$ cat input.txt   # compact mmCIF, C-alpha atoms
# COMPACT_ATOMS: atom_id res chain seq x y z
CA MET A 138 7.93 8.56 10.31
CA PRO A 139 5.22 8.95 13.03
CA VAL A 140 3.46 11.48 10.80
CA MET A 141 3.45 9.08 7.84
CA PHE A 142 2.30 6.23 10.11
CA ILE A 143 -0.72 8.16 11.34
CA SER A 144 -1.56 9.51 7.87
CA PHE A 145 -1.53 6.09 6.22
CA ALA A 146 -3.67 4.69 9.06
CA PHE A 147 -6.29 7.34 8.29
CA GLN A 148 -6.18 6.38 4.62
CA PHE A 149 -6.81 2.75 5.47
CA MET A 150 -9.64 3.64 7.85
CA ASP A 151 -11.34 5.81 5.22
CA LYS A 152 -11.18 2.98 2.68
CA ALA A 153 -12.33 0.39 5.23
CA CYS A 154 -15.38 2.45 6.25
CA LEU A 155 -17.39 0.69 3.54
CA THR A 156 -16.55 -2.72 5.03
CA GLY A 157 -17.67 -1.55 8.48
CA ALA A 158 -20.77 0.12 7.07
CA ALA A 159 -21.75 -3.21 5.51
CA MET A 160 -22.38 -4.47 9.04
CA PHE A 161 -24.54 -1.47 10.00
CA GLY A 162 -27.15 -1.06 7.30
CA ILE A 163 -25.59 0.44 4.18
CA LEU A 164 -26.31 -2.73 2.18
CA THR A 165 -30.06 -2.38 2.63
CA ASP A 166 -30.27 1.43 2.82
CA LEU A 167 -28.58 1.89 -0.57
CA HIS A 168 -29.97 -1.32 -2.07
CA LEU A 169 -26.56 -2.97 -2.47
CA VAL A 170 -28.03 -6.44 -1.92
CA GLU A 171 -30.58 -6.32 -4.75
CA LEU A 172 -27.94 -7.29 -7.30
CA THR A 173 -25.08 -9.50 -6.13
CA GLN A 174 -22.36 -7.44 -7.84
CA ARG A 175 -23.43 -4.02 -6.55
CA TYR A 176 -21.26 -4.22 -3.45
CA SER A 177 -18.35 -5.40 -5.63
CA TYR A 178 -18.72 -2.37 -7.89
CA ALA A 179 -18.94 -0.01 -4.92
CA SER A 180 -15.71 -1.50 -3.59
CA LEU A 181 -13.73 -1.62 -6.84
CA ILE A 182 -14.71 1.78 -8.26
CA PHE A 183 -12.61 3.42 -5.54
CA TYR A 184 -9.50 1.98 -7.16
CA TRP A 185 -10.47 3.13 -10.64
CA GLY A 186 -10.78 6.64 -9.25
CA TYR A 187 -7.42 6.09 -7.59
CA LEU A 188 -5.97 5.11 -10.97
CA ILE A 189 -7.30 8.28 -12.64
CA GLY A 190 -5.87 10.41 -9.85
CA LEU A 191 -2.41 8.84 -9.99
CA LEU A 192 -1.06 10.75 -12.99
CA PRO A 193 -1.74 14.20 -11.54
CA GLY A 194 -0.71 12.82 -8.14
CA VAL A 195 2.72 11.76 -9.40
CA PHE A 196 3.14 15.08 -11.26
CA PHE A 197 2.17 17.24 -8.28
CA SER A 198 4.32 15.27 -5.82
CA GLN A 199 7.29 15.75 -8.19
CA ARG A 200 6.56 19.37 -9.07
CA PHE A 201 5.45 20.94 -5.77
CA PRO A 202 6.63 20.86 -2.11
CA VAL A 203 5.71 17.32 -1.12
CA GLY A 204 4.82 18.07 2.51
CA LYS A 205 2.33 20.80 1.60
CA TYR A 206 0.91 18.64 -1.19
CA VAL A 207 0.22 15.75 1.21
CA ALA A 208 -1.49 18.11 3.66
CA ILE A 209 -3.84 19.47 0.97
CA VAL A 210 -4.68 15.99 -0.30
CA MET A 211 -5.57 14.76 3.20
CA CYS A 212 -7.93 17.68 3.76
CA LEU A 213 -9.64 17.00 0.43
CA TRP A 214 -10.08 13.27 0.94
CA GLY A 215 -11.45 13.81 4.46
CA GLY A 216 -14.02 16.15 2.96
CA VAL A 217 -14.99 13.62 0.28
CA THR A 218 -15.39 10.96 2.99
CA VAL A 219 -17.79 13.21 4.91
CA CYS A 220 -19.83 13.68 1.70
CA THR A 221 -20.91 10.03 2.03
CA VAL A 222 -23.40 11.22 4.64
CA ALA A 223 -25.41 12.87 1.86
CA VAL A 224 -25.50 9.77 -0.37
CA LYS A 225 -29.03 8.45 -0.87
CA THR A 226 -28.67 5.98 -3.76
CA TYR A 227 -26.39 3.28 -5.09
CA GLN A 228 -25.44 5.52 -8.01
CA GLY A 229 -24.52 8.32 -5.61
CA LEU A 230 -22.29 5.95 -3.66
CA LEU A 231 -20.46 5.00 -6.85
CA VAL A 232 -19.74 8.67 -7.58
CA GLN A 233 -18.57 9.32 -4.01
CA ARG A 234 -16.30 6.26 -3.95
CA PHE A 235 -14.80 7.21 -7.33
CA PHE A 236 -13.86 10.71 -6.20
CA LEU A 237 -12.58 9.39 -2.87
CA GLY A 238 -10.13 7.30 -4.90
CA VAL A 239 -9.13 10.36 -6.95
CA ALA A 240 -8.54 12.36 -3.76
CA GLU A 241 -6.41 9.70 -2.05
CA ALA A 242 -4.30 8.82 -5.10
CA GLY A 243 -1.41 11.20 -4.44
CA ILE A 244 -0.52 9.98 -0.94
CA ALA A 245 1.24 6.68 -1.64
CA PRO A 246 3.54 7.97 -4.44
CA ALA A 247 4.39 10.97 -2.27
CA PHE A 248 5.25 8.71 0.68
CA SER A 249 7.45 6.58 -1.59
CA LEU A 250 9.38 9.71 -2.61
CA ILE A 251 9.68 10.89 1.00
CA THR A 252 11.03 7.52 2.11
CA ALA A 253 13.63 7.48 -0.68
CA MET A 254 14.57 11.09 0.11
CA TRP A 255 15.15 10.66 3.84
CA TYR A 256 16.44 7.12 4.35
CA LYS A 257 19.31 5.00 3.10
CA ARG A 258 18.50 2.03 0.93
CA GLN A 259 19.29 -0.42 3.73
CA GLU A 260 16.98 1.53 6.04
CA GLN A 261 14.07 1.76 3.60
CA PRO A 262 12.41 -1.67 4.03
CA LEU A 263 11.90 -1.09 7.76
CA ARG A 264 10.56 2.42 7.10
CA TYR A 265 8.19 1.15 4.44
CA ALA A 266 7.11 -1.56 6.87
CA ILE A 267 6.51 1.01 9.62
CA TRP A 268 4.24 3.35 7.68
CA TYR A 269 2.51 0.56 5.77
CA SER A 270 1.95 -1.42 9.00
CA SER A 271 -0.31 1.40 10.12
CA GLY A 272 -2.87 -0.29 7.88
CA GLY A 273 -2.87 -3.18 10.35
CA MET A 274 -3.11 -0.88 13.34
CA GLY A 275 -5.75 1.14 11.53
CA ALA A 276 -7.72 -2.06 11.01
CA LEU A 277 -7.64 -2.82 14.74
CA LEU A 278 -8.42 0.68 16.02
CA GLY A 279 -10.74 1.32 13.10
CA ALA A 280 -12.74 -1.82 13.87
CA LEU A 281 -13.21 -0.73 17.48
CA LEU A 282 -14.04 2.83 16.44
CA LEU A 283 -16.47 1.73 13.71
CA TYR A 284 -18.28 -0.53 16.15
CA ALA A 285 -18.49 2.23 18.77
CA ILE A 286 -19.83 4.72 16.23
CA GLY A 287 -22.24 2.09 14.98
CA GLN A 288 -23.97 2.16 18.38
CA ILE A 289 -25.02 5.80 17.98
CA ASN A 290 -28.80 6.13 18.03
CA GLY A 291 -29.35 9.45 16.28
CA PRO A 292 -31.53 10.84 13.51
CA LEU A 293 -29.17 9.39 10.89
CA ALA A 294 -28.35 5.77 10.12
CA SER A 295 -25.37 4.60 12.20
CA TRP A 296 -23.18 3.99 9.14
CA ARG A 297 -23.52 7.64 8.13
CA TYR A 298 -21.94 8.73 11.43
CA GLN A 299 -18.97 6.48 10.67
CA PHE A 300 -18.14 8.39 7.50
CA MET A 301 -18.90 11.76 9.12
CA ILE A 302 -16.64 11.32 12.15
CA ILE A 303 -13.68 9.57 10.49
CA GLY A 304 -13.73 11.97 7.52
CA SER A 305 -13.75 15.02 9.82
CA ILE A 306 -10.82 13.70 11.86
CA THR A 307 -8.89 13.08 8.63
CA SER A 308 -9.37 16.69 7.46
CA VAL A 309 -8.24 18.06 10.82
CA TRP A 310 -5.12 15.90 10.63
CA GLY A 311 -4.49 17.24 7.11
CA ILE A 312 -4.41 20.79 8.49
CA ALA A 313 -1.88 19.69 11.11
CA LEU A 314 0.30 18.12 8.40
CA TRP A 315 0.81 21.53 6.79
CA PHE A 316 2.97 22.40 9.79
CA LEU A 317 4.33 18.97 10.76
CA LEU A 318 5.51 17.36 7.50
CA PRO A 319 8.65 18.98 5.96
CA ASP A 320 9.14 19.10 2.20
CA SER A 321 12.72 17.77 2.40
CA PRO A 322 15.55 17.38 4.95
CA LEU A 323 16.64 20.92 4.06
CA THR A 324 13.32 22.42 5.23
CA ALA A 325 12.79 20.26 8.34
CA PHE A 326 11.96 22.59 11.25
CA PHE A 327 13.09 19.99 13.81
CA LEU A 328 16.66 19.77 12.45
CA SER A 329 19.47 22.19 13.21
CA LYS A 330 21.74 23.45 10.41
CA GLU A 331 24.34 20.85 11.33
CA GLN A 332 21.74 18.07 11.36
CA LYS A 333 20.46 19.14 7.93
CA VAL A 334 23.98 18.81 6.54
CA VAL A 335 24.26 15.35 8.09
CA ALA A 336 20.84 14.36 6.68
CA VAL A 337 22.00 15.28 3.17
CA GLU A 338 25.54 13.93 3.41
CA ARG A 339 24.40 10.54 4.75
CA MET A 340 22.62 10.04 1.41
CA ARG A 341 25.74 10.77 -0.65
CA TRP A 342 26.93 7.15 -0.67
CA GLU A 343 23.47 5.94 -1.61
CA GLN A 344 23.87 7.40 -5.13
CA SER A 345 20.13 8.18 -5.30
CA GLY A 346 20.05 11.97 -4.79
CA ILE A 347 17.68 14.06 -2.71
CA GLU A 348 15.11 16.11 -4.65
CA ASN A 349 14.86 17.71 -8.07
CA LYS A 350 11.83 19.66 -9.31
CA VAL A 351 12.85 19.52 -13.00
CA ILE A 352 11.15 16.78 -15.02
CA LYS A 353 13.81 14.97 -17.09
CA TRP A 354 12.24 13.29 -20.10
CA GLU A 355 15.19 10.96 -20.66
CA GLN A 356 14.49 9.55 -17.20
CA VAL A 357 10.83 9.11 -18.12
CA LYS A 358 11.90 7.05 -21.14
CA GLU A 359 14.30 4.96 -19.06
CA ALA A 360 11.59 4.22 -16.48
CA PHE A 361 9.40 2.72 -19.20
CA THR A 362 12.21 0.70 -20.83
CA ASP A 363 13.83 -0.69 -17.66
CA PRO A 364 12.89 -4.39 -17.12
CA LYS A 365 12.99 -3.86 -13.34
CA THR A 366 10.12 -1.38 -13.60
CA TRP A 367 7.86 -4.03 -15.09
CA PHE A 368 8.87 -6.54 -12.43
CA TYR A 369 7.64 -4.12 -9.76
CA VAL A 370 4.44 -3.53 -11.75
CA LEU A 371 3.73 -7.24 -12.28
CA ALA A 372 4.57 -8.28 -8.71
CA THR A 373 2.31 -5.52 -7.39
CA PHE A 374 -0.57 -6.60 -9.60
CA LEU A 375 -0.29 -10.25 -8.61
CA CYS A 376 0.08 -9.94 -4.84
CA ASN A 377 -2.57 -7.23 -4.42
CA PHE A 378 -5.28 -9.41 -5.90
CA THR A 379 -5.62 -10.81 -2.37
CA ASN A 380 -6.76 -7.40 -1.20
CA GLY A 381 -10.12 -7.85 -2.90
CA ALA A 382 -11.03 -10.57 -0.40
CA VAL A 383 -9.27 -9.18 2.68
CA THR A 384 -10.29 -5.51 2.52
CA GLY A 385 -13.21 -5.33 0.14
CA PHE A 386 -15.17 -8.39 1.31
CA GLY A 387 -13.54 -9.13 4.66
CA SER A 388 -16.64 -8.45 6.76
CA ILE A 389 -18.93 -10.42 4.46
CA ILE A 390 -16.59 -13.45 4.29
CA VAL A 391 -15.95 -13.59 8.06
CA LYS A 392 -19.65 -13.16 8.86
CA SER A 393 -20.42 -16.07 6.52
CA PHE A 394 -18.36 -18.29 8.87
CA GLY A 395 -21.29 -17.93 11.29
CA PHE A 396 -20.25 -14.94 13.44
CA THR A 397 -22.46 -12.04 14.52
CA SER A 398 -21.96 -8.51 13.14
CA LEU A 399 -20.27 -7.40 16.39
CA ARG A 400 -17.84 -10.28 16.49
CA THR A 401 -17.14 -9.93 12.76
CA VAL A 402 -16.04 -6.31 13.14
CA LEU A 403 -13.79 -7.16 16.09
CA LEU A 404 -12.26 -10.16 14.30
CA LEU A 405 -11.33 -7.93 11.36
CA GLY A 406 -9.28 -5.93 13.85
CA VAL A 407 -7.42 -9.09 14.89
CA ALA A 408 -6.49 -9.66 11.24
CA GLY A 409 -4.99 -6.17 11.27
CA VAL A 410 -2.79 -7.04 14.26
CA TRP A 411 -1.55 -10.12 12.40
CA LEU A 412 -0.46 -7.89 9.48
CA PHE A 413 1.11 -5.33 11.83
CA VAL A 414 3.31 -7.95 13.52
CA PHE A 415 4.43 -9.60 10.27
CA LEU A 416 5.32 -6.24 8.73
CA LEU A 417 7.48 -5.12 11.63
CA VAL A 418 9.27 -8.47 11.89
CA GLY A 419 9.93 -8.52 8.15
CA GLY A 420 11.12 -4.92 8.21
CA VAL A 421 13.53 -5.53 11.09
CA ILE A 422 15.02 -8.62 9.42
CA SER A 423 15.55 -6.79 6.13
CA PHE A 424 17.17 -3.87 7.99
CA TYR A 425 19.78 -5.96 9.75
CA THR A 426 20.43 -8.52 7.00
CA ARG A 427 21.34 -7.42 3.48
CA HIS A 428 19.70 -8.83 0.38
CA THR A 429 16.80 -10.45 2.25
CA ARG A 430 13.91 -8.46 0.75
CA THR A 431 13.11 -10.94 -1.99
CA LEU A 432 13.46 -13.85 0.46
CA ILE A 433 11.05 -12.25 2.94
CA ALA A 434 8.59 -11.44 0.15
CA MET A 435 8.74 -15.03 -1.13
CA PHE A 436 8.27 -16.48 2.35
CA CYS A 437 5.18 -14.32 2.98
CA CYS A 438 3.49 -15.67 -0.15
CA LEU A 439 3.22 -19.04 1.59
CA PRO A 440 0.85 -18.10 4.48
CA VAL A 441 -1.51 -16.47 1.98
CA ILE A 442 -1.61 -19.65 -0.12
CA ALA A 443 -2.12 -21.78 3.01
CA GLY A 444 -4.84 -19.44 4.32
CA SER A 445 -6.72 -19.57 1.03
CA LEU A 446 -6.69 -23.37 1.15
CA MET A 447 -7.88 -23.38 4.77
CA ILE A 448 -10.92 -21.26 3.93
CA TRP A 449 -11.73 -22.96 0.64
CA LYS A 450 -11.39 -26.54 1.92
CA SER A 451 -12.86 -26.08 5.42
CA GLY A 452 -16.06 -27.83 6.48
CA ASP A 453 -19.68 -26.71 6.17
CA TRP A 454 -19.87 -23.25 7.76
CA THR A 455 -23.57 -23.64 8.57
CA SER A 456 -23.02 -26.81 10.61
CA LYS A 457 -22.75 -26.53 14.38
CA ASN A 458 -20.13 -29.30 14.38
CA THR A 459 -17.76 -27.41 12.06
CA ASN A 460 -14.65 -25.92 13.64
CA ARG A 461 -14.96 -22.27 12.60
CA GLY A 462 -11.43 -21.65 13.81
CA ILE A 463 -10.01 -23.27 10.67
CA PRO A 464 -11.44 -20.78 8.11
CA LEU A 465 -10.99 -17.93 10.62
CA TRP A 466 -7.26 -18.61 11.05
CA GLY A 467 -7.04 -19.00 7.30
CA PHE A 468 -8.49 -15.50 6.98
CA PHE A 469 -6.04 -14.13 9.56
CA MET A 470 -3.17 -15.38 7.36
CA MET A 471 -4.46 -13.63 4.23
CA PRO A 472 -3.34 -10.05 5.13
CA VAL A 473 0.30 -11.22 5.19
CA PHE A 474 0.32 -10.49 1.44
CA GLY A 475 0.96 -6.91 2.60
CA VAL A 476 4.50 -7.86 3.65
CA THR A 477 5.23 -9.14 0.16
CA TYR A 478 3.93 -5.89 -1.28
CA VAL A 479 5.98 -3.74 1.11
CA MET A 480 9.14 -5.62 0.15
CA VAL A 481 8.36 -4.95 -3.53
CA LEU A 482 7.99 -1.24 -2.70
CA ALA A 483 11.29 -1.34 -0.81
CA LEU A 484 13.01 -3.02 -3.77
CA MET A 485 11.61 -0.33 -6.06
CA ALA A 486 12.85 2.51 -3.85
CA ALA A 487 16.29 0.98 -3.29
CA ASN A 488 16.95 0.06 -6.91
CA THR A 489 15.68 3.18 -8.68
CA ALA A 490 17.76 6.37 -8.90
CA GLY A 491 17.00 9.69 -10.56
CA HIS A 492 14.18 11.77 -9.07
CA THR A 493 12.00 11.79 -12.19
CA LYS A 494 12.55 8.08 -12.76
CA LYS A 495 11.63 7.35 -9.15
CA ALA A 496 8.42 9.37 -9.48
CA ILE A 497 7.39 7.68 -12.74
CA THR A 498 8.24 4.19 -11.46
CA ALA A 499 6.30 4.78 -8.26
CA GLY A 500 3.34 6.02 -10.30
CA LEU A 501 3.37 2.89 -12.50
CA VAL A 502 3.55 0.63 -9.46
CA TRP A 503 0.66 2.34 -7.73
CA ALA A 504 -1.30 2.25 -11.00
CA SER A 505 -0.79 -1.52 -11.04
CA TYR A 506 -1.99 -1.58 -7.43
CA CYS A 507 -5.18 0.22 -8.49
CA ILE A 508 -5.89 -2.03 -11.46
CA SER A 509 -5.40 -5.17 -9.38
CA ASN A 510 -7.68 -3.92 -6.62
CA GLY A 511 -10.12 -2.65 -9.21
CA ILE A 512 -10.50 -6.13 -10.67
CA ALA A 513 -10.14 -8.35 -7.58
CA PRO A 514 -13.59 -7.76 -5.98
CA THR A 515 -15.30 -9.25 -9.05
CA ALA A 516 -13.71 -12.62 -8.17
CA VAL A 517 -15.60 -12.75 -4.85
CA LEU A 518 -18.99 -14.11 -5.91
CA THR A 519 -21.52 -13.97 -3.08
CA GLU A 520 -23.56 -16.78 -4.64
CA GLU A 521 -20.54 -19.07 -4.06
CA GLU A 522 -20.72 -18.71 -0.27
CA LYS A 523 -21.84 -22.31 0.26
CA LYS A 524 -18.93 -23.50 -1.91
CA HIS A 525 -16.53 -21.29 0.08
CA TYR A 526 -15.82 -18.79 -2.70
CA PRO A 527 -13.73 -21.09 -4.96
CA THR A 528 -13.31 -18.51 -7.73
CA ALA A 529 -11.73 -16.00 -5.36
CA PHE A 530 -9.44 -18.34 -3.45
CA VAL A 531 -8.23 -20.40 -6.42
CA THR A 532 -7.35 -17.13 -8.16
CA ILE A 533 -5.47 -15.91 -5.09
CA ILE A 534 -3.52 -19.18 -4.86
CA VAL A 535 -2.48 -18.86 -8.51
CA MET A 536 -1.55 -15.18 -8.15
CA MET A 537 0.59 -15.68 -5.05
CA SER A 538 2.33 -18.70 -6.60
CA LEU A 539 3.26 -16.57 -9.63
CA THR A 540 4.46 -13.82 -7.31
CA PHE A 541 6.77 -16.31 -5.59
CA GLY A 542 8.23 -17.32 -8.95
CA ILE A 543 8.95 -13.86 -10.32
CA LEU A 544 10.51 -12.76 -7.02
CA PHE A 545 12.99 -15.60 -7.38
CA GLY A 546 13.69 -14.54 -10.98
CA PHE A 547 14.24 -10.92 -9.92
CA ARG A 548 16.73 -11.97 -7.25
CA VAL A 549 18.79 -13.86 -9.82
CA TYR A 550 18.58 -10.93 -12.27
CA VAL A 551 19.86 -8.18 -9.94
CA PHE A 552 22.73 -10.34 -8.69
CA LYS A 553 23.79 -10.78 -12.33
CA LEU A 554 23.61 -7.01 -12.86
CA ASN A 555 25.84 -6.39 -9.83
CA LYS A 556 28.31 -9.05 -10.91
CA ARG A 557 28.50 -7.53 -14.38
CA ARG A 558 29.23 -4.06 -12.95
CA ASP A 559 31.79 -5.38 -10.49
CA ALA A 560 33.60 -7.05 -13.39
CA ILE A 561 33.90 -3.68 -15.15
CA LYS A 562 34.93 -1.54 -12.18
CA VAL A 563 34.99 -1.47 -8.40
CA VAL A 564 33.09 1.39 -6.75
CA ASN A 565 35.45 4.31 -6.17
CA ARG A 566 34.42 6.36 -3.11
CA GLU A 567 35.85 9.66 -4.43
CA GLU A 568 34.08 9.22 -7.75
CA ALA A 569 30.92 8.09 -5.99
CA ALA A 570 30.96 11.25 -3.87
CA MET A 571 30.95 13.33 -7.07
CA THR A 572 28.09 11.43 -8.73
CA ALA A 573 25.88 11.19 -5.64
CA PHE A 574 23.87 14.38 -6.17
CA MET A 575 23.99 14.64 -9.96
CA ASP A 576 20.47 13.16 -10.24
CA MET A 577 21.73 10.27 -12.37
CA THR A 578 19.63 7.14 -12.84
CA ASP A 579 20.72 3.73 -11.60
CA LYS A 580 21.55 2.73 -15.20
CA GLU A 581 23.64 5.84 -15.84
CA ASN A 582 25.58 5.68 -12.58
CA GLN A 583 28.12 2.84 -12.70
CA ASN A 584 28.76 3.30 -8.98
CA PHE A 585 25.20 2.15 -8.25
CA ARG A 586 24.69 -1.40 -6.92
CA TYR A 587 21.33 -3.13 -6.67
CA HIS A 588 19.66 -4.68 -3.62
CA ALA A 589 17.83 -8.00 -3.53
$ encode --input "input.txt" --output "structure tokens"
Amino acid sequence: MPVMFISFAFQFMDKACLTGAAMFGILTDLHLVELTQRYSYASLIFYWGYLIGLLPGVFFSQRFPVGKYVAIVMCLWGGVTVCTVAVKTYQGLLVQRFFLGVAEAGIAPAFSLITAMWYKRQEQPLRYAIWYSSGGMGALLGALLLYAIGQINGPLASWRYQFMIIGSITSVWGIALWFLLPDSPLTAFFLSKEQKVVAVERMRWEQSGIENKVIKWEQVKEAFTDPKTWFYVLATFLCNFTNGAVTGFGSIIVKSFGFTSLRTVLLLGVAGVWLFVFLLVGGVISFYTRHTRTLIAMFCCLPVIAGSLMIWKSGDWTSKNTNRGIPLWGFFMMPVFGVTYVMVLALMAANTAGHTKKAITAGLVWASYCISNGIAPTAVLTEEEKKHYPTAFVTIIVMMSLTFGILFGFRVYVFKLNKRRDAIKVVNREEAAMTAFMDMTDKENQNFRYHA
């Protein structure tokens, strides 16, 4: 878990470099301010590259040793990040951002498989929250690091050093992962033979299996025809629309409140702490209390809606008499959408069995994540700054309200599925022990019960 935490923090920092660079000259150096949508395109094209890279990412994470695969991907994406130093034009930045997305695409599906492979379904929400919360910690430490690097007075523009240093560190960490991240509990160097047996046997009653390198086409078909799959896809699309404002345009929006570049970068780090705390609290609650994932996800839609209203309806940002704390605290509440998303990921992992089905479902969910993030930046219109970005924040309010509604519908649906199965048969422990490692899907295995 510490390895996944650090790795995901690096991924967030690499993506957020563009936001930090916006405060240190990249907008003018690469002529991103000449046309109002250029920065939007530079932000969103990363996710379209991510989408293209997902299919091979899902295949490779299923087909090859997952630990070694993650290590190779991290080295590659660190190298692509460093290549930003050589970018001289807006068009070159688009190409670099696209291939950065392609390079990073395999990490999240691989981490979803690792989490499902190592941890029980009741343990998974907290584990998802832990490694995803590194995005919040990465935002805090990354903000401090980006500001420090931005003070370098060398032959290159300060923003180029940001990409050079963070990309290099990422590649070095990728090399370390080759030795630190095991491919499965059976190959973990830090476990004794007895502990490896325990690690496998503790998953027997979960009815979700461990690892299978054979692609089963009947499981592929089931993944596409299961209504739960499309709930995860839709919920992911809706709640991640917020990310366009928080990650893609965070520095520009906060600076428009009237803060300096220095204070803007530091305040973005505070927003990361807010996300970090909410994720850990939500993860702990879901770990100790069964069937609370949908409730936590629904609850965390509300701060995002409230934060959007606080920014949109706050006073004139250019006036000295305006309380800038109102839109600022509204912005701090926006990253809480990440808790909703993590709970959706935890629901997906807990309620999907069969290794191939899990890989395909995870790929579809992360594809939805890419499409949502690939569209969202276009809703932030810089010419609407004086009106407080109504297009962006009204859209976010609608999206999070819909997310709240379908989460409630999903909760009702899975309880009905469990009730229907309980009416047919009660789970038999001896029979469940036999079906545990047969790589059956959740639909095929009548001993499987769903989590809400």
$ closest_residue --input "input.txt" --among "A:Ala490, A:Asp151, A:Ser423, A:Phe235" --to "Gln356 in chain A" --atoms "all atoms listed in the file"
A:Ala490
$ atom_distance --input "input.txt" --atom1 "CA of Tyr184 in chain A" --atom2 "CA of Leu446 in chain A"
26.8 Å
$ residues_around --input "input.txt" --residues "Ser144 in chain A" --least-positions-apart "5" --cutoff "9 Å" --atoms "all atoms listed in the file" --output "PyMOL selection string"
chain A and resi 139+149+211+244+268+271+307+310-311+314
$ write_last_selection --input "input.txt" --atoms "C-alpha atoms" --output "compact mmCIF listing (two decimals), keeping the file's coordinate frame"
# COMPACT_ATOMS: atom_id res chain seq x y z
CA PRO A 139 5.22 8.95 13.03
CA PHE A 149 -6.81 2.75 5.47
CA MET A 211 -5.57 14.76 3.20
CA ILE A 244 -0.52 9.98 -0.94
CA TRP A 268 4.24 3.35 7.68
CA SER A 271 -0.31 1.40 10.12
CA THR A 307 -8.89 13.08 8.63
CA TRP A 310 -5.12 15.90 10.63
CA GLY A 311 -4.49 17.24 7.11
CA LEU A 314 0.30 18.12 8.40
$ atom_distance --input "input.txt" --atom1 "CA of Ala208 in chain A" --atom2 "CA of Cys220 in chain A"
19.0 Å
$ closest_residue --input "input.txt" --among "A:Ala513, A:Leu278, A:Val357, A:Ala240" --to "Val402 in chain A" --atoms "all atoms listed in the file"
A:Leu278
$ atom_distance --input "input.txt" --atom1 "CA of Phe197 in chain A" --atom2 "CA of Lys495 in chain A"
13.7 Å
$ residues_near_point --input "input.txt" --point "(-21.9, -22.1, 12.0)" --cutoff "8 Å" --atoms "only C-alpha atoms" --output "list in words"
Phe394, Gly395, Phe396, Asp453, Trp454, Thr455, Ser456, Lys457, Asn458, Thr459 and Arg461 of chain A
$ residues_near_point --input "input.txt" --point "(11.9, -1.9, -2.8)" --cutoff "10 Å" --atoms "only C-alpha atoms" --output "mmCIF file with C-alpha atoms, keeping the file's coordinate frame"
data_model
loop_
_atom_site.group_PDB
_atom_site.id
_atom_site.type_symbol
_atom_site.label_atom_id
_atom_site.label_comp_id
_atom_site.auth_asym_id
_atom_site.auth_seq_id
_atom_site.Cartn_x
_atom_site.Cartn_y
_atom_site.Cartn_z
ATOM 1 C CA SER A 249 7.450 6.580 -1.590
ATOM 2 C CA ALA A 253 13.630 7.480 -0.680
ATOM 3 C CA ARG A 258 18.500 2.030 0.930
ATOM 4 C CA GLN A 259 19.290 -0.420 3.730
ATOM 5 C CA GLN A 261 14.070 1.760 3.600
ATOM 6 C CA PRO A 262 12.410 -1.670 4.030
ATOM 7 C CA TYR A 265 8.190 1.150 4.440
ATOM 8 C CA TYR A 369 7.640 -4.120 -9.760
ATOM 9 C CA ARG A 430 13.910 -8.460 0.750
ATOM 10 C CA THR A 431 13.110 -10.940 -1.990
ATOM 11 C CA TYR A 478 3.930 -5.890 -1.280
ATOM 12 C CA VAL A 479 5.980 -3.740 1.110
ATOM 13 C CA MET A 480 9.140 -5.620 0.150
ATOM 14 C CA VAL A 481 8.360 -4.950 -3.530
ATOM 15 C CA LEU A 482 7.990 -1.240 -2.700
ATOM 16 C CA ALA A 483 11.290 -1.340 -0.810
ATOM 17 C CA LEU A 484 13.010 -3.020 -3.770
ATOM 18 C CA MET A 485 11.610 -0.330 -6.060
ATOM 19 C CA ALA A 486 12.850 2.510 -3.850
ATOM 20 C CA ALA A 487 16.290 0.980 -3.290
ATOM 21 C CA ASN A 488 16.950 0.060 -6.910
ATOM 22 C CA THR A 489 15.680 3.180 -8.680
ATOM 23 C CA HIS A 588 19.660 -4.680 -3.620
ATOM 24 C CA ALA A 589 17.830 -8.000 -3.530
#
$ closest_residue --input "input.txt" --among "A:Gly542, A:Gly304, A:Gly444, A:Pro202" --to "Leu323 in chain A" --atoms "all atoms listed in the file"
A:Pro202
$ residues_around --input "input.txt" --residues "Tyr425 in chain A" --least-positions-apart "3" --cutoff "9 Å" --atoms "only C-alpha atoms" --output "PyMOL selection string"
chain A and resi 259-260+420-422
$ residues_around --input "input.txt" --residues "Phe545 in chain A" --least-positions-apart "3" --cutoff "12 Å" --atoms "only C-alpha atoms" --output "list of chain:residue names"
A:Phe368, A:Ala372, A:Thr429, A:Arg430, A:Thr431, A:Leu432, A:Ile433, A:Ala434, A:Met435, A:Phe436, A:Cys438, A:Ser538, A:Leu539, A:Thr540, A:Phe541, A:Gly542, A:Arg548, A:Val549, A:Tyr550, A:Val551, A:Phe552, A:Ala589
$ closest_residue --input "input.txt" --among "A:Ile543, A:Val383, A:Met274, A:Val224" --to "Phe530 in chain A" --atoms "only C-alpha atoms"
A:Val383
$ closest_residue --input "input.txt" --among "A:Ser180, A:Gln228, A:Thr401, A:Gln583" --to "Thr515 in chain A" --atoms "all atoms listed in the file"
A:Ser180
$ closest_atom_pairs --input "input.txt" --of "range 441-507 of chain A" --to "range 532-535 of chain A" --cutoff "9 Å" --atoms "all atoms listed in the file" --output "CSV"
residue,atom,partner,partner_atom,distance
A:Val441,CA,A:Ile534,CA,7.6
A:Ile442,CA,A:Ile534,CA,5.1
A:Ala443,CA,A:Ile534,CA,8.4
A:Ser445,CA,A:Ile534,CA,6.7
A:Leu446,CA,A:Ile534,CA,8.0
$ residues_around --input "input.txt" --residues "Ile352 in chain A" --least-positions-apart "2" --cutoff "12 Å" --atoms "all atoms listed in the file" --output "ChimeraX atom specification"
/A:195-201,348-350,354-358,491-497,576
